[in-house]
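Presented below is the structure to which this report refers.
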Amino acid sequence: MYLLTKEDIILLTSHYSQLTRQEKWSMLVFLYPDMKDKAPKRALQANVASEKRASFLRYLKNTPIMQLKDQYKRASIDYVCLGSADYPYMLEHSYDPPFILFIKGNASLLKRISLGVVGARECSAYGIHALKKLLPPLVDSSLVITSGLAKGIDRAAHELTINGGGETIAVIGTGLDVCYPRENRDLQSLISQSHLLISEYPLKTAPKKHHFPMRNRIIAGLSKGVLVVESRERSGSLITARMALEEGRDVFSIPGSILSDLSGGCNELLKLGAIPVTSGEDILMNWTE
């Protein structure tokens with residue numbers, strides 16, 4: 001009889017849809033008390049009803065784990081669990097690390113120094129030109145560029161890095177077999193083959209609005225610092241930047257016109273203490289001092 005390993009149970013937990021994320025954490029801490037130190041505080045406060053707990057334990061017992069693992073093997077998708085030697089160090093030591101990461105591509109990129117790049121989906125020509133100026137010296141210095149594979153700045157960051165001979169990580173808010181937005185399908189495929197595509201969501205997970213702020217915390221957690229290129233005052237990019245600040249990571253911001261809504265968030269970050277950058281060398285100098 002096959003005995004489930006800790007990694008098996010974490011994989012099964014990620015697929016179980018009848019518990020909230022906090023409740024999943026609560027059950028994992030119940031089964032593995034050594035995970036308590038890594039769990040977010042809100043999860044430790046989650047109270048799982050007895051009937052939910054019993055249903056989850058039956059699910060663990062009755063789900064054919066080998067069939068599930070074969071699905072990932074056939075899709076060339078690996079996964080790493082929190083606490084394993086292969087789990088990225090920077091993310092593990094962030095405030096709210098996912099208990100599992102699904103990965104496809106060059107996993108060695110998780111061991112490299114990464115710069116997160118975020119910005120507006122509906123970006124301007126200024127934002128693209130700024131990236132074209134800033135990224136080449138960063139790519140030449142072998143920094144891995146991490147972004148969220150959204151439209152606009154995210155997509156430009158990935159493409160400019162690839163075209164410049166660099167390496168990139170895309171963090172997405174769906175299962176690795178789902179592409180959102182659809183127009184990024186070819187780019188997502190290329191990244192999964194030659195770079196690295198990651199998600200905390202299991203196969204077949206469709207995009208949901210709340211997935212994307214959660215994805216942002218992974219970008220911030222993986223990165224030594226985050227560069228905000230263009231951002232409105234209320235945006236996902238600012239969420240990522242604030243998460244990075246909370247993690248004690250560097251936040252870099254490109255100054256913009258006071259007349260442009262797309263620069264409102266960047267300029268606000270500068271008031272809060274973000275590091276102003278006008279060239280890639282500004283970031284490199286900050287990290288080599």
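FYI, nothing fancy with the structure tokens labels: chains A, B, ... in order, residues from 1 per chain, ligands from 1 as they appear.
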Can you list, as a PyMOL selection string, every residue of region 6-83 of chain A that DSSP puts in helix (DSSP H, G or I)?
chain A and resi 6-15+21-31+33-38+41-44+50-62+65-74
Just write the chosen residues, C-alpha atoms, as a PDB file, in the first residue's frame.
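Output contents, as saved in again_12.pdb:
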ATOM      1  CA  LYS A   6       4.145  15.262   2.760  1.00  0.00           C
ATOM      2  CA  GLU A   7       4.593  16.541  -0.809  1.00  0.00           C
ATOM      3  CA  ASP A   8       1.707  14.317  -1.971  1.00  0.00           C
ATOM      4  CA  ILE A   9      -0.580  15.808   0.662  1.00  0.00           C
ATOM      5  CA  ILE A  10       0.443  19.362  -0.195  1.00  0.00           C
ATOM      6  CA  LEU A  11      -0.243  18.651  -3.889  1.00  0.00           C
ATOM      7  CA  LEU A  12      -3.644  17.170  -3.077  1.00  0.00           C
ATOM      8  CA  THR A  13      -4.447  20.119  -0.824  1.00  0.00           C
ATOM      9  CA  SER A  14      -3.779  22.549  -3.661  1.00  0.00           C
ATOM     10  CA  HIS A  15      -6.386  20.727  -5.762  1.00  0.00           C
ATOM     11  CA  ARG A  21      -6.809  29.200   1.138  1.00  0.00           C
ATOM     12  CA  GLN A  22      -6.675  29.964   4.862  1.00  0.00           C
ATOM     13  CA  GLU A  23      -8.482  26.713   5.666  1.00  0.00           C
ATOM     14  CA  LYS A  24      -6.021  24.759   3.520  1.00  0.00           C
ATOM     15  CA  TRP A  25      -3.170  26.281   5.477  1.00  0.00           C
ATOM     16  CA  SER A  26      -4.927  25.438   8.723  1.00  0.00           C
ATOM     17  CA  MET A  27      -5.243  21.790   7.696  1.00  0.00           C
ATOM     18  CA  LEU A  28      -1.613  21.599   6.608  1.00  0.00           C
ATOM     19  CA  VAL A  29      -0.480  23.006   9.954  1.00  0.00           C
ATOM     20  CA  PHE A  30      -2.759  20.480  11.695  1.00  0.00           C
ATOM     21  CA  LEU A  31      -1.126  17.638   9.755  1.00  0.00           C
ATOM     22  CA  PRO A  33       3.020  21.370  12.835  1.00  0.00           C
ATOM     23  CA  ASP A  34       6.489  22.216  11.473  1.00  0.00           C
ATOM     24  CA  MET A  35       4.726  24.355   8.818  1.00  0.00           C
ATOM     25  CA  LYS A  36       3.279  26.689  11.462  1.00  0.00           C
ATOM     26  CA  ASP A  37       6.221  29.093  11.314  1.00  0.00           C
ATOM     27  CA  LYS A  38       5.707  29.593   7.554  1.00  0.00           C
ATOM     28  CA  LYS A  41      -1.157  34.671  10.631  1.00  0.00           C
ATOM     29  CA  ARG A  42      -4.659  34.821   9.153  1.00  0.00           C
ATOM     30  CA  ALA A  43      -4.425  31.138   8.247  1.00  0.00           C
ATOM     31  CA  LEU A  44      -3.519  30.199  11.798  1.00  0.00           C
ATOM     32  CA  SER A  50     -15.452  19.369  11.832  1.00  0.00           C
ATOM     33  CA  GLU A  51     -17.488  18.245   8.806  1.00  0.00           C
ATOM     34  CA  LYS A  52     -15.144  20.111   6.455  1.00  0.00           C
ATOM     35  CA  ARG A  53     -12.143  18.583   8.176  1.00  0.00           C
ATOM     36  CA  ALA A  54     -13.593  15.076   7.867  1.00  0.00           C
ATOM     37  CA  SER A  55     -14.460  15.612   4.194  1.00  0.00           C
ATOM     38  CA  PHE A  56     -10.922  16.801   3.461  1.00  0.00           C
ATOM     39  CA  LEU A  57      -9.344  13.814   5.184  1.00  0.00           C
ATOM     40  CA  ARG A  58     -11.590  11.460   3.183  1.00  0.00           C
ATOM     41  CA  TYR A  59     -10.489  13.251   0.015  1.00  0.00           C
ATOM     42  CA  LEU A  60      -6.828  12.684   0.902  1.00  0.00           C
ATOM     43  CA  LYS A  61      -7.515   9.007   1.483  1.00  0.00           C
ATOM     44  CA  ASN A  62      -9.586   8.366  -1.646  1.00  0.00           C
ATOM     45  CA  ILE A  65      -2.440  10.442  -6.175  1.00  0.00           C
ATOM     46  CA  MET A  66      -0.420   8.598  -8.810  1.00  0.00           C
ATOM     47  CA  GLN A  67      -2.907   9.560 -11.527  1.00  0.00           C
ATOM     48  CA  LEU A  68      -2.709  13.179 -10.432  1.00  0.00           C
ATOM     49  CA  LYS A  69       1.089  13.152 -10.440  1.00  0.00           C
ATOM     50  CA  ASP A  70       1.065  11.577 -13.913  1.00  0.00           C
ATOM     51  CA  GLN A  71      -0.972  14.542 -15.210  1.00  0.00           C
ATOM     52  CA  TYR A  72       1.846  16.874 -14.220  1.00  0.00           C
ATOM     53  CA  LYS A  73       4.511  14.577 -15.587  1.00  0.00           C
ATOM     54  CA  ARG A  74       2.765  14.393 -18.977  1.00  0.00           C
TER      55      ARG A  74
END
Have a look at A:Glu281, A:Asp154, A:Glu92, A:Glu268 and name the one nearest to Pro136 (chain A); count only C-alpha atoms.
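Answer, going by the shortest atom-to-atom distance: A:Glu281.
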Got a sec to tell me which of region 38-175 of chain A DSSP assigns to strand (DSSP E or B), as a PyMOL selection string?
chain A and resi 78-81+100-105+114-118+144-147+168-171
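Each of A:His129, A:Ser223, A:Leu135, A:Leu176 was compared to Ser147 (chain A) using only C-alpha atoms, and A:Ser223 turns out to be the nearest.
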Report, in Å to a single decimal, how far apart CA of Phe252 (chain A) and CA of Tyr95 (chain A) are.
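Pair CA of Tyr95 (chain A) / CA of Phe252 (chain A) returns 20.1 Å.
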Could you give me, as a Markdown table, every region 162-207 of chain A residue with an atom at most 6 Å from region 102-118 of chain A, plus its closest atom pair and distance in Å to one decimal, counting only C-alpha atoms, rows ordered by chain then number?
| residue | atom | partner | partner_atom | distance |
| --- | --- | --- | --- | --- |
| A:Ser192 | CA | A:Gly105 | CA | 4.8 |
| A:Gln193 | CA | A:Gly105 | CA | 5.2 |
| A:His195 | CA | A:Asn106 | CA | 5.4 |
| A:Leu196 | CA | A:Gly105 | CA | 4.5 |
| A:Leu197 | CA | A:Lys104 | CA | 5.2 |
| A:Ile198 | CA | A:Ile103 | CA | 4.5 |
| A:Ser199 | CA | A:Phe102 | CA | 5.3 |
| A:Glu200 | CA | A:Phe102 | CA | 5.9 |
Keeping only C-alpha atoms, write the selected residues to a file as a PDB file, in the first residue's frame.
ATOM      1  CA  SER A 192       7.704  27.769 -20.386  1.00  0.00           C
ATOM      2  CA  GLN A 193      10.140  26.128 -22.810  1.00  0.00           C
ATOM      3  CA  HIS A 195      12.787  30.408 -19.407  1.00  0.00           C
ATOM      4  CA  LEU A 196      10.480  29.759 -16.438  1.00  0.00           C
ATOM      5  CA  LEU A 197       6.714  29.849 -15.939  1.00  0.00           C
ATOM      6  CA  ILE A 198       5.368  29.519 -12.405  1.00  0.00           C
ATOM      7  CA  SER A 199       2.067  29.607 -10.514  1.00  0.00           C
ATOM      8  CA  GLU A 200       0.673  28.590  -7.151  1.00  0.00           C
TER       9      GLU A 200
END
With distances taken over only C-alpha atoms, which residue among A:Val277, A:Ile283, A:Ala39, A:Leu101 lies nearest Arg215 (chain A)?
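With only C-alpha atoms as the atom set, the closest residue is A:Leu101.
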Using only C-alpha atoms, which residues sit within 12 Å of Ile219 (chain A) once same-chain residues fewer than 3 positions away are excluded, as a VMD selection string?
chain A and resid 88 90 to 91 94 96 to 98 110 114 to 118 144 to 149 154 168 to 173 197 to 200 212 to 216 222 to 227 236 to 237 239 to 244 247 249
Give me the residues within 10 Å of Gly273 (chain A) as a PyMOL selection string, counting only C-alpha atoms and dropping any in the same chain fewer than 2 places off.
chain A and resi 245+250-253+268-271+275-276
Counting only C-alpha atoms, the option among A:Val229, A:Thr161, A:Leu82, A:Lys209 closest to Leu143 (chain A)
A:Thr161
Figure out the distance between CA of Ala120 (chain A) and CA of Ile153 (chain A), please, to one decimal in Å.
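Computing the Euclidean distance for CA of Ile153 (chain A) and CA of Ala120 (chain A) yields 5.9 Å.
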CA of Lys133 (chain A) sits from CA of Glu167 (chain A) at a separation of 17.2 Å
Which is closest to Gly256 (chain A) among A:Gln45, A:Asp282, A:Ser124, A:Pro207, if we use only C-alpha atoms?
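Nearest candidate to Gly256 (chain A) out of A:Gln45, A:Asp282, A:Ser124, A:Pro207: A:Ser124.
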